$ cat query05.cif   # mmCIF, C-alpha atoms
data_structure
#
loop_
_atom_site.label_atom_id
_atom_site.label_comp_id
_atom_site.auth_asym_id
_atom_site.auth_seq_id
_atom_site.Cartn_x
_atom_site.Cartn_y
_atom_site.Cartn_z
CA MET G 18 0.01 -3.68 -6.41
CA LYS G 19 2.90 -2.36 -8.43
CA ASN G 20 3.38 0.26 -5.84
CA ARG G 21 6.35 2.22 -4.65
CA ILE G 22 4.83 2.49 -1.17
CA LEU G 23 6.39 -0.91 -0.47
CA THR G 24 9.86 -0.02 -1.71
CA GLY G 25 10.94 1.57 1.54
CA ALA G 26 9.38 -1.16 3.65
CA VAL G 27 11.28 -3.84 1.79
CA ALA G 28 14.51 -1.84 1.85
CA LEU G 29 14.41 -1.92 5.62
CA VAL G 30 14.87 -5.64 5.86
CA SER G 31 15.73 -7.22 2.49
CA THR G 32 19.47 -7.66 2.40
CA VAL G 33 19.36 -10.34 -0.25
CA ALA G 34 17.18 -9.75 -3.30
CA LEU G 35 15.25 -12.58 -4.82
CA SER G 36 16.33 -13.08 -8.41
CA GLY G 37 13.74 -12.08 -10.99
CA CYS G 38 11.88 -15.04 -12.41
CA GLY G 39 14.04 -17.37 -10.34
CA LEU G 40 12.84 -20.61 -8.81
CA ILE G 41 12.70 -21.51 -5.15
CA SER G 42 11.52 -25.09 -4.85
CA GLY G 43 11.22 -27.56 -2.02
CA ALA G 44 13.45 -30.53 -1.38
CA GLY G 45 11.34 -32.70 -3.68
CA GLY G 46 9.60 -35.98 -3.05
CA GLY G 47 6.03 -34.67 -3.08
CA ASP G 48 3.44 -36.42 -5.21
CA ARG G 49 1.92 -33.09 -6.28
CA THR G 50 3.57 -29.77 -7.05
CA VAL G 51 1.91 -26.48 -6.13
CA THR G 52 3.27 -23.61 -8.21
CA VAL G 53 3.16 -20.17 -6.61
CA TRP G 54 4.01 -16.91 -8.33
CA LEU G 55 5.37 -14.33 -5.91
CA MET G 56 6.54 -10.83 -6.75
CA LYS G 57 10.18 -9.85 -6.54
CA ASP G 58 11.22 -8.52 -3.11
CA SER G 59 7.84 -9.22 -1.51
CA VAL G 60 9.45 -11.65 0.92
CA SER G 61 12.97 -12.63 1.87
CA PRO G 62 14.63 -15.91 0.86
CA GLY G 63 14.77 -16.75 4.56
CA PHE G 64 10.99 -16.51 4.94
CA LEU G 65 10.39 -18.65 1.86
CA ASP G 66 12.85 -21.30 2.98
CA LYS G 67 11.29 -21.49 6.45
CA PHE G 68 7.75 -21.63 5.08
CA THR G 69 8.64 -24.26 2.47
CA ARG G 70 10.35 -26.58 4.93
CA SER G 71 7.54 -26.30 7.45
CA TYR G 72 4.73 -26.72 4.93
CA GLU G 73 6.28 -29.71 3.18
CA GLU G 74 6.97 -31.43 6.50
CA GLU G 75 3.31 -31.02 7.46
CA ASN G 76 2.11 -31.95 3.95
CA PRO G 77 4.54 -34.61 2.65
CA SER G 78 2.54 -35.20 -0.52
CA ILE G 79 3.08 -31.58 -1.61
CA GLU G 80 6.14 -29.96 -3.14
CA LEU G 81 6.13 -26.16 -3.33
CA ASP G 82 7.54 -24.41 -6.38
CA PHE G 83 7.88 -20.64 -5.83
CA GLN G 84 8.49 -18.70 -9.02
CA ILE G 85 9.57 -15.08 -8.56
CA GLN G 86 8.07 -12.53 -10.94
CA GLU G 87 8.99 -8.97 -11.87
CA TRP G 88 6.40 -6.24 -11.34
CA SER G 89 7.20 -4.78 -14.75
CA GLY G 90 4.83 -6.29 -17.30
CA ILE G 91 3.11 -8.55 -14.78
CA GLY G 92 -0.44 -7.53 -15.75
CA PRO G 93 -0.46 -9.04 -19.26
CA LYS G 94 1.43 -12.09 -17.96
CA VAL G 95 -1.22 -12.79 -15.31
CA ILE G 96 -4.06 -12.26 -17.78
CA ALA G 97 -2.42 -14.69 -20.20
CA ALA G 98 -2.05 -17.26 -17.41
CA LEU G 99 -5.70 -16.89 -16.40
CA GLU G 100 -6.80 -17.42 -19.98
CA GLY G 101 -4.33 -20.20 -20.83
CA ASP G 102 -3.87 -23.87 -20.00
CA ASP G 103 -0.78 -23.64 -17.82
CA ALA G 104 -1.67 -21.32 -14.95
CA PRO G 105 0.15 -21.38 -11.60
CA ASP G 106 -1.89 -22.56 -8.64
CA VAL G 107 -1.50 -19.36 -6.59
CA ILE G 108 -0.57 -15.84 -7.68
CA GLU G 109 0.41 -12.87 -5.55
CA VAL G 110 -1.16 -9.71 -6.98
CA GLY G 111 -1.34 -6.09 -5.93
CA ASN G 112 -4.44 -5.42 -3.87
CA THR G 113 -5.70 -2.88 -6.41
CA GLN G 114 -5.19 -5.30 -9.33
CA VAL G 115 -7.79 -7.86 -8.26
CA ALA G 116 -10.67 -6.15 -10.04
CA GLN G 117 -8.76 -6.18 -13.32
CA TYR G 118 -8.08 -9.90 -13.06
CA ALA G 119 -11.56 -10.75 -11.85
CA GLU G 120 -12.99 -9.12 -14.97
CA SER G 121 -11.33 -11.88 -17.01
CA GLY G 122 -13.57 -14.47 -15.35
CA GLY G 123 -10.53 -16.59 -14.55
CA LEU G 124 -10.43 -16.36 -10.74
CA ARG G 125 -11.60 -18.93 -8.22
CA ASP G 126 -14.33 -17.76 -5.81
CA LEU G 127 -12.75 -17.89 -2.34
CA THR G 128 -15.68 -16.45 -0.39
CA LEU G 129 -16.43 -19.65 1.52
CA GLU G 130 -12.81 -20.15 2.58
CA SER G 131 -12.45 -16.51 3.60
CA MET G 132 -15.48 -16.69 5.88
CA ARG G 133 -15.13 -20.24 7.18
CA ASP G 134 -11.38 -20.59 7.61
CA LEU G 135 -9.68 -17.20 7.49
CA GLY G 136 -11.74 -14.84 9.67
CA SER G 137 -12.52 -12.38 6.92
CA GLU G 138 -14.59 -10.22 9.25
CA ASP G 139 -11.33 -9.06 10.86
CA TRP G 140 -9.33 -8.29 7.72
CA LEU G 141 -7.87 -4.86 7.03
CA PRO G 142 -10.39 -3.04 4.82
CA GLY G 143 -7.67 -1.69 2.53
CA LEU G 144 -6.78 -5.26 1.55
CA ALA G 145 -10.12 -7.03 1.87
CA GLN G 146 -12.32 -4.57 -0.02
CA PRO G 147 -10.27 -4.49 -3.25
CA GLY G 148 -10.25 -8.30 -3.21
CA SER G 149 -14.05 -8.44 -3.17
CA ILE G 150 -15.90 -7.85 -6.43
CA ASN G 151 -19.70 -7.66 -6.33
CA GLY G 152 -19.72 -9.52 -3.03
CA VAL G 153 -17.41 -12.30 -4.17
CA GLN G 154 -14.02 -12.63 -2.45
CA TYR G 155 -11.40 -13.38 -5.08
CA GLY G 156 -8.36 -11.96 -3.31
CA ILE G 157 -7.17 -13.16 0.11
CA PRO G 158 -5.32 -10.37 1.99
CA TRP G 159 -1.65 -11.20 2.56
CA TYR G 160 0.22 -8.14 3.79
CA ALA G 161 -0.06 -4.37 3.87
CA ALA G 162 2.03 -1.23 4.09
CA ASN G 163 0.98 2.39 4.33
CA ARG G 164 2.40 5.83 4.91
CA VAL G 165 3.12 7.43 8.26
CA VAL G 166 4.78 10.67 9.28
CA ILE G 167 8.53 10.32 9.75
CA TYR G 168 9.94 13.16 11.83
CA ASN G 169 13.27 14.53 13.00
CA LYS G 170 13.25 14.33 16.79
CA ASP G 171 15.95 17.00 17.17
CA ILE G 172 13.99 19.57 15.18
CA PHE G 173 10.82 18.79 17.16
CA GLN G 174 12.75 19.21 20.42
CA GLU G 175 14.32 22.49 19.30
CA ALA G 176 10.82 23.79 18.49
CA GLY G 177 9.59 22.82 21.96
CA ILE G 178 7.21 20.15 20.66
CA ASP G 179 7.14 17.37 23.24
CA ALA G 180 4.19 15.32 21.95
CA VAL G 181 3.33 14.24 18.43
CA PRO G 182 0.11 15.71 17.02
CA LYS G 183 -3.07 13.64 17.23
CA THR G 184 -5.41 15.82 15.16
CA ARG G 185 -5.16 17.75 11.93
CA ALA G 186 -5.40 21.05 13.81
CA GLU G 187 -2.55 20.06 16.12
CA TRP G 188 -0.55 18.89 13.12
CA ILE G 189 -0.92 22.21 11.30
CA ALA G 190 -0.06 24.18 14.45
CA ALA G 191 3.05 22.06 15.09
CA THR G 192 4.15 22.24 11.45
CA GLU G 193 3.79 26.03 11.43
CA LYS G 194 6.02 26.14 14.51
CA LEU G 195 8.57 23.82 12.89
CA ASN G 196 8.66 25.80 9.66
CA ASN G 197 11.22 28.40 10.75
CA SER G 198 14.86 28.90 11.71
CA GLY G 199 15.94 27.61 8.32
CA ASN G 200 13.96 24.37 8.66
CA GLN G 201 11.07 23.12 6.57
CA GLY G 202 8.04 22.22 8.66
CA ILE G 203 7.26 19.43 6.23
CA TYR G 204 8.52 18.39 2.83
CA LEU G 205 5.44 17.47 0.81
CA ALA G 206 5.71 17.28 -2.96
CA GLY G 207 2.84 18.83 -4.87
CA GLN G 208 1.83 15.66 -6.70
CA ASN G 209 1.78 13.14 -3.84
CA TRP G 210 -1.71 12.02 -4.79
CA TYR G 211 -1.83 9.01 -2.47
CA VAL G 212 -1.56 11.41 0.47
CA LEU G 213 -4.25 13.62 -1.05
CA ALA G 214 -6.52 10.58 -1.33
CA GLY G 215 -6.35 10.07 2.44
CA PHE G 216 -7.37 13.67 3.09
CA ILE G 217 -10.26 13.35 0.63
CA TRP G 218 -11.48 10.16 2.32
CA ASP G 219 -11.30 11.86 5.73
CA GLU G 220 -13.70 14.48 4.43
CA GLY G 221 -16.12 11.85 3.16
CA GLY G 222 -15.14 12.24 -0.47
CA GLU G 223 -13.91 9.81 -3.14
CA LEU G 224 -11.56 9.85 -6.11
CA ALA G 225 -14.34 8.29 -8.19
CA ASP G 226 -17.89 7.11 -7.47
CA GLU G 227 -19.84 4.16 -8.83
CA ASN G 228 -23.52 4.49 -9.64
CA GLY G 229 -25.30 1.48 -11.11
CA GLY G 230 -22.09 0.03 -12.44
CA ASP G 231 -20.96 3.30 -14.03
CA TRP G 232 -17.93 5.08 -12.67
CA GLN G 233 -17.31 8.82 -12.69
CA GLY G 234 -14.59 11.08 -11.31
CA ALA G 235 -15.44 12.76 -8.02
CA LEU G 236 -12.66 15.26 -7.35
CA ASP G 237 -15.10 18.14 -7.82
CA THR G 238 -17.41 17.24 -4.91
CA PRO G 239 -17.38 19.57 -1.88
CA GLU G 240 -15.83 16.80 0.23
CA ALA G 241 -13.00 16.14 -2.21
CA LEU G 242 -12.34 19.87 -2.57
CA ALA G 243 -12.08 20.13 1.22
CA GLY G 244 -9.42 17.41 1.15
CA MET G 245 -7.46 19.34 -1.47
CA GLU G 246 -7.78 22.51 0.59
CA PHE G 247 -6.15 20.79 3.57
CA TYR G 248 -3.39 19.39 1.34
CA GLN G 249 -2.70 22.88 0.02
CA LYS G 250 -2.47 24.30 3.55
CA LEU G 251 -0.07 21.59 4.71
CA GLN G 252 2.06 21.63 1.56
CA ALA G 253 2.69 25.36 1.97
CA LEU G 254 4.55 24.75 5.24
CA GLY G 255 7.70 23.62 3.43
CA ASP G 256 9.50 23.93 0.13
CA GLY G 257 8.21 20.84 -1.67
CA PRO G 258 7.92 21.33 -5.45
CA LYS G 259 4.41 22.03 -6.69
CA ASP G 260 4.96 20.36 -10.06
CA ALA G 261 6.56 17.02 -9.09
CA ASP G 262 5.91 13.96 -7.00
CA GLU G 263 7.82 12.55 -4.02
CA GLU G 264 10.38 10.82 -6.26
CA LYS G 265 11.54 13.95 -8.10
CA PRO G 266 13.77 14.47 -6.20
CA PRO G 267 13.51 11.51 -3.82
CA GLN G 268 12.03 12.90 -0.62
CA THR G 269 14.29 10.66 1.45
CA ASP G 270 17.31 12.47 0.02
CA VAL G 271 15.80 15.84 0.87
CA PHE G 272 15.00 14.74 4.42
CA ALA G 273 18.50 13.36 4.86
CA LYS G 274 19.98 16.87 4.57
CA GLY G 275 18.82 17.41 8.15
CA ASP G 276 16.71 20.56 7.78
CA VAL G 277 13.32 18.95 7.19
CA ALA G 278 11.10 18.25 10.19
CA GLN G 279 8.68 15.77 8.57
CA ILE G 280 7.92 13.71 5.50
CA ILE G 281 5.05 11.33 4.76
CA SER G 282 6.33 7.91 3.73
CA VAL G 283 6.51 4.25 4.71
CA PRO G 284 8.61 3.58 7.83
CA GLY G 285 11.18 1.67 5.79
CA SER G 286 12.25 4.97 4.23
CA ALA G 287 14.10 5.65 7.47
CA ALA G 288 16.74 3.13 6.41
CA LEU G 289 17.29 5.02 3.16
CA ILE G 290 17.56 8.30 5.07
CA GLU G 291 20.09 6.88 7.53
CA GLN G 292 22.14 5.42 4.70
CA LYS G 293 22.32 8.86 3.13
CA ASN G 294 23.06 10.61 6.44
CA PRO G 295 24.29 8.29 9.22
CA GLU G 296 24.19 11.21 11.69
CA LEU G 297 20.39 10.90 11.72
CA LYS G 298 20.49 7.33 13.01
CA GLY G 299 18.44 7.12 16.19
CA LYS G 300 16.98 10.59 15.64
CA LEU G 301 13.94 9.61 13.59
CA GLY G 302 10.45 9.10 14.99
CA TYR G 303 7.12 8.03 13.55
CA PHE G 304 3.44 8.73 14.08
CA PRO G 305 0.26 7.90 12.15
CA ILE G 306 -1.10 10.59 9.86
CA PRO G 307 -3.42 12.54 12.19
CA GLY G 308 -7.18 12.48 11.69
CA LYS G 309 -9.77 15.20 12.08
CA THR G 310 -10.25 14.16 15.72
CA ALA G 311 -8.04 12.38 18.23
CA LYS G 312 -10.39 9.38 18.28
CA GLU G 313 -8.78 7.79 15.22
CA PRO G 314 -5.91 8.41 12.82
CA GLY G 315 -6.36 9.82 9.37
CA SER G 316 -7.31 7.72 6.39
CA VAL G 317 -4.42 6.29 4.38
CA PHE G 318 -3.94 4.50 1.13
CA THR G 319 -3.15 0.85 1.83
CA GLY G 320 -0.69 -0.80 -0.50
CA GLY G 321 0.08 -4.47 -0.37
CA SER G 322 -0.76 -7.83 -1.85
CA ASP G 323 -3.59 -10.31 -2.09
CA LEU G 324 -3.36 -13.97 -3.08
CA ILE G 325 -5.56 -15.33 -5.87
CA VAL G 326 -6.21 -18.82 -7.26
CA PRO G 327 -6.83 -19.25 -11.00
CA LYS G 328 -9.85 -21.31 -12.05
CA ASN G 329 -7.77 -23.25 -14.56
CA ALA G 330 -4.95 -24.18 -12.15
CA ASP G 331 -4.12 -27.88 -12.01
CA GLU G 332 -3.91 -27.97 -8.22
CA ARG G 333 -6.71 -25.60 -7.21
CA SER G 334 -7.57 -27.29 -3.92
CA ALA G 335 -3.94 -27.67 -2.90
CA GLY G 336 -3.34 -24.06 -3.92
CA ILE G 337 -6.16 -22.87 -1.68
CA ALA G 338 -4.58 -24.79 1.19
CA VAL G 339 -1.30 -22.97 0.60
CA VAL G 340 -3.13 -19.64 0.55
CA LYS G 341 -4.76 -20.50 3.88
CA ALA G 342 -1.36 -21.23 5.38
CA LEU G 343 0.24 -18.03 4.09
CA ALA G 344 -2.69 -15.99 5.43
CA SER G 345 -2.77 -17.78 8.80
CA GLU G 346 -1.84 -16.20 12.12
CA LYS G 347 1.42 -18.18 12.34
CA TRP G 348 2.80 -17.07 9.00
CA GLN G 349 1.32 -13.58 9.20
CA THR G 350 3.33 -13.18 12.40
CA GLU G 351 6.51 -14.44 10.72
CA LEU G 352 5.95 -12.16 7.74
CA ALA G 353 5.20 -9.06 9.80
CA ARG G 354 8.21 -9.49 12.06
CA GLY G 355 10.60 -10.47 9.31
CA MET G 356 9.56 -7.95 6.67
CA SER G 357 8.15 -5.08 8.79
CA TYR G 358 4.78 -5.39 7.08
CA VAL G 359 1.37 -4.81 8.60
CA PRO G 360 -0.44 -8.14 9.18
CA ASN G 361 -3.71 -8.72 7.37
CA LYS G 362 -5.73 -8.34 10.59
CA PRO G 363 -5.70 -5.48 13.13
CA SER G 364 -5.98 -8.10 15.88
CA LEU G 365 -2.44 -9.22 14.99
CA ALA G 366 -0.93 -5.76 15.39
CA HIS G 367 0.50 -6.82 18.76
CA VAL G 368 3.06 -9.04 17.02
CA ILE G 369 5.03 -5.96 15.92
CA GLU G 370 5.03 -4.16 19.27
CA GLY G 371 8.41 -2.60 19.94
CA GLU G 372 8.90 -1.69 16.29
CA GLU G 373 8.03 2.01 16.43
CA GLY G 374 7.69 2.60 12.72
CA THR G 375 5.76 -0.57 11.95
CA ALA G 376 3.50 -0.02 14.96
CA ALA G 377 2.64 3.48 13.71
CA MET G 378 1.94 1.99 10.29
CA ALA G 379 -0.32 -0.68 11.80
CA GLU G 380 -2.28 1.95 13.72
CA GLY G 381 -2.82 3.93 10.55
CA ALA G 382 -3.79 0.79 8.64
CA THR G 383 -6.99 0.53 10.66
CA ARG G 384 -8.17 3.48 8.56
CA GLY G 385 -6.72 2.10 5.34
CA ARG G 386 -8.47 2.41 2.00
CA ALA G 387 -7.71 1.47 -1.58
CA THR G 388 -8.24 3.15 -4.91
CA PRO G 389 -11.63 2.81 -6.66
CA ASN G 390 -12.42 -0.84 -7.25
CA SER G 391 -12.79 -0.53 -11.01
CA ALA G 392 -11.13 -2.87 -13.47
CA GLN G 393 -10.21 0.27 -15.45
CA TRP G 394 -8.51 2.14 -12.61
CA ALA G 395 -5.10 1.15 -13.99
CA ARG G 396 -5.85 3.41 -16.96
CA VAL G 397 -6.35 6.33 -14.58
CA GLU G 398 -3.06 5.69 -12.82
CA ALA G 399 -1.22 5.30 -16.14
CA GLU G 400 -2.22 8.78 -17.29
CA ASN G 401 -2.96 10.16 -13.82
CA PRO G 402 -4.91 13.39 -14.29
CA ILE G 403 -4.86 13.82 -10.49
CA LYS G 404 -1.24 15.00 -10.55
CA PRO G 405 -1.64 17.96 -12.93
CA TYR G 406 -4.85 18.87 -11.10
CA MET G 407 -2.92 19.16 -7.84
CA THR G 408 -0.18 21.23 -9.47
CA ALA G 409 -2.71 23.56 -11.05
CA VAL G 410 -4.39 24.25 -7.71
CA LEU G 411 -1.10 24.69 -5.84
CA GLN G 412 0.04 27.16 -8.50
CA GLY G 413 -3.04 29.31 -8.01
CA GLY G 414 -5.65 27.75 -10.28
CA ASP G 415 -9.34 27.75 -9.34
CA PRO G 416 -9.85 24.50 -7.38
CA ALA G 417 -13.44 23.91 -8.52
CA ARG G 418 -12.66 24.44 -12.20
CA GLU G 419 -9.49 22.33 -12.13
CA ALA G 420 -11.23 19.56 -10.17
CA LYS G 421 -14.10 19.45 -12.65
CA ALA G 422 -11.70 19.05 -15.58
CA ALA G 423 -9.76 16.30 -13.80
CA SER G 424 -12.98 14.51 -12.82
CA GLU G 425 -14.21 14.54 -16.40
CA ARG G 426 -10.93 13.02 -17.55
CA ILE G 427 -11.12 10.31 -14.87
CA THR G 428 -14.67 9.51 -16.00
CA ALA G 429 -13.55 9.20 -19.62
CA LEU G 430 -10.74 6.82 -18.65
CA LEU G 431 -12.98 4.67 -16.46
CA THR G 432 -15.73 4.43 -19.06
CA GLY G 433 -13.45 4.00 -22.06
CA THR G 434 -14.84 7.09 -23.76
CA GLY G 435 -11.59 8.97 -23.99
#

$ encode --input "query05.cif" --output "structure tokens"
Amino acid sequence: MKNRILTGAVALVSTVALSGCGLISGAGGGDRTVTVWLMKDSVSPGFLDKFTRSYEEENPSIELDFQIQEWSGIGPKVIAALEGDDAPDVIEVGNTQVAQYAESGGLRDLTLESMRDLGSEDWLPGLAQPGSINGVQYGIPWYAANRVVIYNKDIFQEAGIDAVPKTRAEWIAATEKLNNSGNQGIYLAGQNWYVLAGFIWDEGGELADENGGDWQGALDTPEALAGMEFYQKLQALGDGPKDADEEKPPQTDVFAKGDVAQIISVPGSAALIEQKNPELKGKLGYFPIPGKTAKEPGSVFTGGSDLIVPKNADERSAGIAVVKALASEKWQTELARGMSYVPNKPSLAHVIEGEEGTAAMAEGATRGRATPNSAQWARVEAENPIKPYMTAVLQGGDPAREAKAASERITALLTGTG
């Protein structure tokens, strides 16, 4: 997905950026060329070089041609490729974009391969579910990233908190304790709607519901309102702005000042914090967003990428083989270790043991979800009525009334009636 959740994760390890729309091809000599579109900064040049050399040695008749794409404007470009005569053989897409591309009718059904060859029963739900449309698997999960709690160990120690919270109740109690002596218990911007989504899912609610193929906004259900109530309680334990998201100002910059106990972000944000304030190096810790009970962490939005194969690709079969390799245990391990991503299967979480931030992210990913699997959800995110709804409630508006108005707007966007 075009998704800033991955920005911090990539910043942690990508020291050399892949050039936009550049080409990374094999040594040549293959009888057939498999063209793969990958998104800028998804993987490092080192990973691509290693994969290319290994794959071409094992498959001497194949030459790999990786073409790096920019996220900006990628939607229309992919749609044009799916409808045209010169499609690449494999495309990396955001996990929440699969429904939009599947609606075009231009994707290859990969259900058989996912079940027979790739162990789909063990995939992370936040990647697998968005890739499945009406029971057909079009997107093969590649990698994931999700938010965790990043905390200042010194502030926790000063407050006498020796163990990270495991439940929501413990989290609130700890944050109340941290929110004194000139420190913010947590910096949580008022419009961080991805975080709100996790709280809504924990309560059994949804951002939008589907009924007989029709979608409608669901922020006004009792469950969704309970999620907003918890968000409001947590957000009050710091000085986060009620009318802005986590990028205005960047929450990493705020945390770097040294007087914030916690933020909710991807683990890679720690690198940005330490760059801003080197004195915090070694003083940052991580834990999964707590759930309602200690049995499992809280629900989180899973960002990441799936791999799709266009129907009109020249090398469909060879492209599927490349997808299988990229999604295999060997290359999932390489990708997770090299890029600090979460592998596409919880059973592979052991490969990132020792990496505190990534391990916390992997634990949270077991409760990962994605946005509503509607081809029109991009319209909702473009306008995003969830953000002003959150601000209105945090500024004292009636939650039920504001949620109903936001839900009606979401329905109009999903149904094309407004």

$ residues_around --input "query05.cif" --residues "G:Ser364" --least-positions-apart "3" --cutoff "9 Å" --atoms "only C-alpha atoms" --output "VMD selection string"
chain G and resid 139 to 140 360 to 361 367

$ resolve_selection --input "query05.cif" --expression "the PyMOL selection byres ((chain G and resi 121) around 10)" --output "NGL selection string"
:G and (96-97 or 99-100 or 116-120 or 122-124 or 392)

$ residues_around --input "query05.cif" --residues "G:Ala395" --least-positions-apart "5" --cutoff "9 Å" --atoms "all atoms listed in the file" --output "PyMOL selection string"
chain G and resi 113-114+117+400+431

$ residues_around --input "query05.cif" --residues "G:Ile157" --least-positions-apart "6" --cutoff "9 Å" --atoms "all atoms listed in the file" --output "MDAnalysis selection string"
chainID G and resid 127 131 135 137 144:145 148:149 322:325 340:341 344

$ resolve_selection --input "query05.cif" --expression "the PyMOL selection byres ((chain G and resi 416) around 9)" --output "list in words"
Asp237, Leu242, Met245, Glu246, Tyr406, Met407, Ala409, Val410, Leu411, Gly413, Gly414, Asp415, Ala417, Arg418, Glu419, Ala420 and Lys421 of chain G

$ closest_residue --input "query05.cif" --among "G:Glu74, G:Glu220, G:Asp48, G:Asp179" --to "G:Ser316" --atoms "only C-alpha atoms"
G:Glu220

$ atom_distance --input "query05.cif" --atom1 "atom CA of G:Ala180" --atom2 "atom CA of G:Arg164"
19.6 Å

$ resolve_selection --input "query05.cif" --expression "the PyMOL selection byres ((chain G and resi 350) around 10)" --output "compact mmCIF listing (two decimals) with C-alpha atoms, in the frame of the given file"
# COMPACT_ATOMS: atom_id res chain seq x y z
CA ALA G 344 -2.69 -15.99 5.43
CA SER G 345 -2.77 -17.78 8.80
CA GLU G 346 -1.84 -16.20 12.12
CA LYS G 347 1.42 -18.18 12.34
CA TRP G 348 2.80 -17.07 9.00
CA GLN G 349 1.32 -13.58 9.20
CA GLU G 351 6.51 -14.44 10.72
CA LEU G 352 5.95 -12.16 7.74
CA ALA G 353 5.20 -9.06 9.80
CA ARG G 354 8.21 -9.49 12.06
CA GLY G 355 10.60 -10.47 9.31
CA MET G 356 9.56 -7.95 6.67
CA TYR G 358 4.78 -5.39 7.08
CA VAL G 359 1.37 -4.81 8.60
CA PRO G 360 -0.44 -8.14 9.18
CA ASN G 361 -3.71 -8.72 7.37
CA LEU G 365 -2.44 -9.22 14.99
CA ALA G 366 -0.93 -5.76 15.39
CA HIS G 367 0.50 -6.82 18.76
CA VAL G 368 3.06 -9.04 17.02
CA ILE G 369 5.03 -5.96 15.92

$ residues_near_point --input "query05.cif" --point "(5.0, 13.9, -2.5)" --cutoff "12 Å" --atoms "only C-alpha atoms" --output "PyMOL selection string"
chain G and resi 21-22+164+203-213+248+251-252+255-269+271+279-282+404+407-408

$ atom_distance --input "query05.cif" --atom1 "atom CA of G:Ile172" --atom2 "atom CA of G:Phe318"
27.3 Å

$ atom_distance --input "query05.cif" --atom1 "atom CA of G:Gly156" --atom2 "atom CA of G:Glu138"
14.1 Å

$ residues_around --input "query05.cif" --residues "G:Pro182" --least-positions-apart "6" --cutoff "9 Å" --atoms "only C-alpha atoms" --output "PDB file with C-alpha atoms, keeping the file's coordinate frame"
ATOM      1  CA  TRP G 188      -0.550  18.890  13.120  1.00  0.00           C
ATOM      2  CA  ILE G 189      -0.920  22.210  11.300  1.00  0.00           C
ATOM      3  CA  ALA G 190      -0.060  24.180  14.450  1.00  0.00           C
ATOM      4  CA  ALA G 191       3.050  22.060  15.090  1.00  0.00           C
ATOM      5  CA  PHE G 304       3.440   8.730  14.080  1.00  0.00           C
ATOM      6  CA  ILE G 306      -1.100  10.590   9.860  1.00  0.00           C
ATOM      7  CA  PRO G 307      -3.420  12.540  12.190  1.00  0.00           C
ATOM      8  CA  ALA G 311      -8.040  12.380  18.230  1.00  0.00           C
TER       9      ALA G 311
END

$ closest_residue --input "query05.cif" --among "G:Arg333, G:Arg386, G:Lys194, G:Arg396" --to "G:Arg125" --atoms "only C-alpha atoms"
G:Arg333

$ build_atoms --input "query05.cif" --residues "stretch 364-375 of chain G" --atoms "N, CA and C atoms" --output "mmCIF file, in the frame of the given file"
data_model
loop_
_atom_site.group_PDB
_atom_site.id
_atom_site.type_symbol
_atom_site.label_atom_id
_atom_site.label_comp_id
_atom_site.auth_asym_id
_atom_site.auth_seq_id
_atom_site.Cartn_x
_atom_site.Cartn_y
_atom_site.Cartn_z
ATOM 1 N N SER G 364 -6.145 -7.346 14.644
ATOM 2 C CA SER G 364 -5.980 -8.100 15.880
ATOM 3 C C SER G 364 -4.586 -8.694 16.027
ATOM 4 N N LEU G 365 -3.805 -8.697 14.941
ATOM 5 C CA LEU G 365 -2.440 -9.220 14.990
ATOM 6 C C LEU G 365 -1.403 -8.107 15.139
ATOM 7 N N ALA G 366 -1.863 -6.879 15.312
ATOM 8 C CA ALA G 366 -0.930 -5.760 15.390
ATOM 9 C C ALA G 366 0.042 -5.917 16.555
ATOM 10 N N HIS G 367 -0.360 -6.655 17.592
ATOM 11 C CA HIS G 367 0.500 -6.820 18.760
ATOM 12 C C HIS G 367 1.810 -7.533 18.432
ATOM 13 N N VAL G 368 1.847 -8.269 17.320
ATOM 14 C CA VAL G 368 3.060 -9.040 17.020
ATOM 15 C C VAL G 368 4.216 -8.143 16.612
ATOM 16 N N ILE G 369 3.949 -6.868 16.311
ATOM 17 C CA ILE G 369 5.030 -5.960 15.920
ATOM 18 C C ILE G 369 5.257 -4.881 16.973
ATOM 19 N N GLU G 370 4.773 -5.108 18.191
ATOM 20 C CA GLU G 370 5.030 -4.160 19.270
ATOM 21 C C GLU G 370 6.534 -4.050 19.493
ATOM 22 N N GLY G 371 6.979 -2.840 19.770
ATOM 23 C CA GLY G 371 8.410 -2.600 19.940
ATOM 24 C C GLY G 371 9.067 -2.073 18.682
ATOM 25 N N GLU G 372 8.415 -2.251 17.548
ATOM 26 C CA GLU G 372 8.900 -1.690 16.290
ATOM 27 C C GLU G 372 8.137 -0.391 16.045
ATOM 28 N N GLU G 373 8.750 0.745 16.413
ATOM 29 C CA GLU G 373 8.030 2.010 16.430
ATOM 30 C C GLU G 373 7.408 2.366 15.081
ATOM 31 N N GLY G 374 8.196 2.236 14.030
ATOM 32 C CA GLY G 374 7.690 2.600 12.720
ATOM 33 C C GLY G 374 6.576 1.695 12.245
ATOM 34 N N THR G 375 6.770 0.385 12.395
ATOM 35 C CA THR G 375 5.760 -0.570 11.950
ATOM 36 C C THR G 375 4.505 -0.455 12.797
#
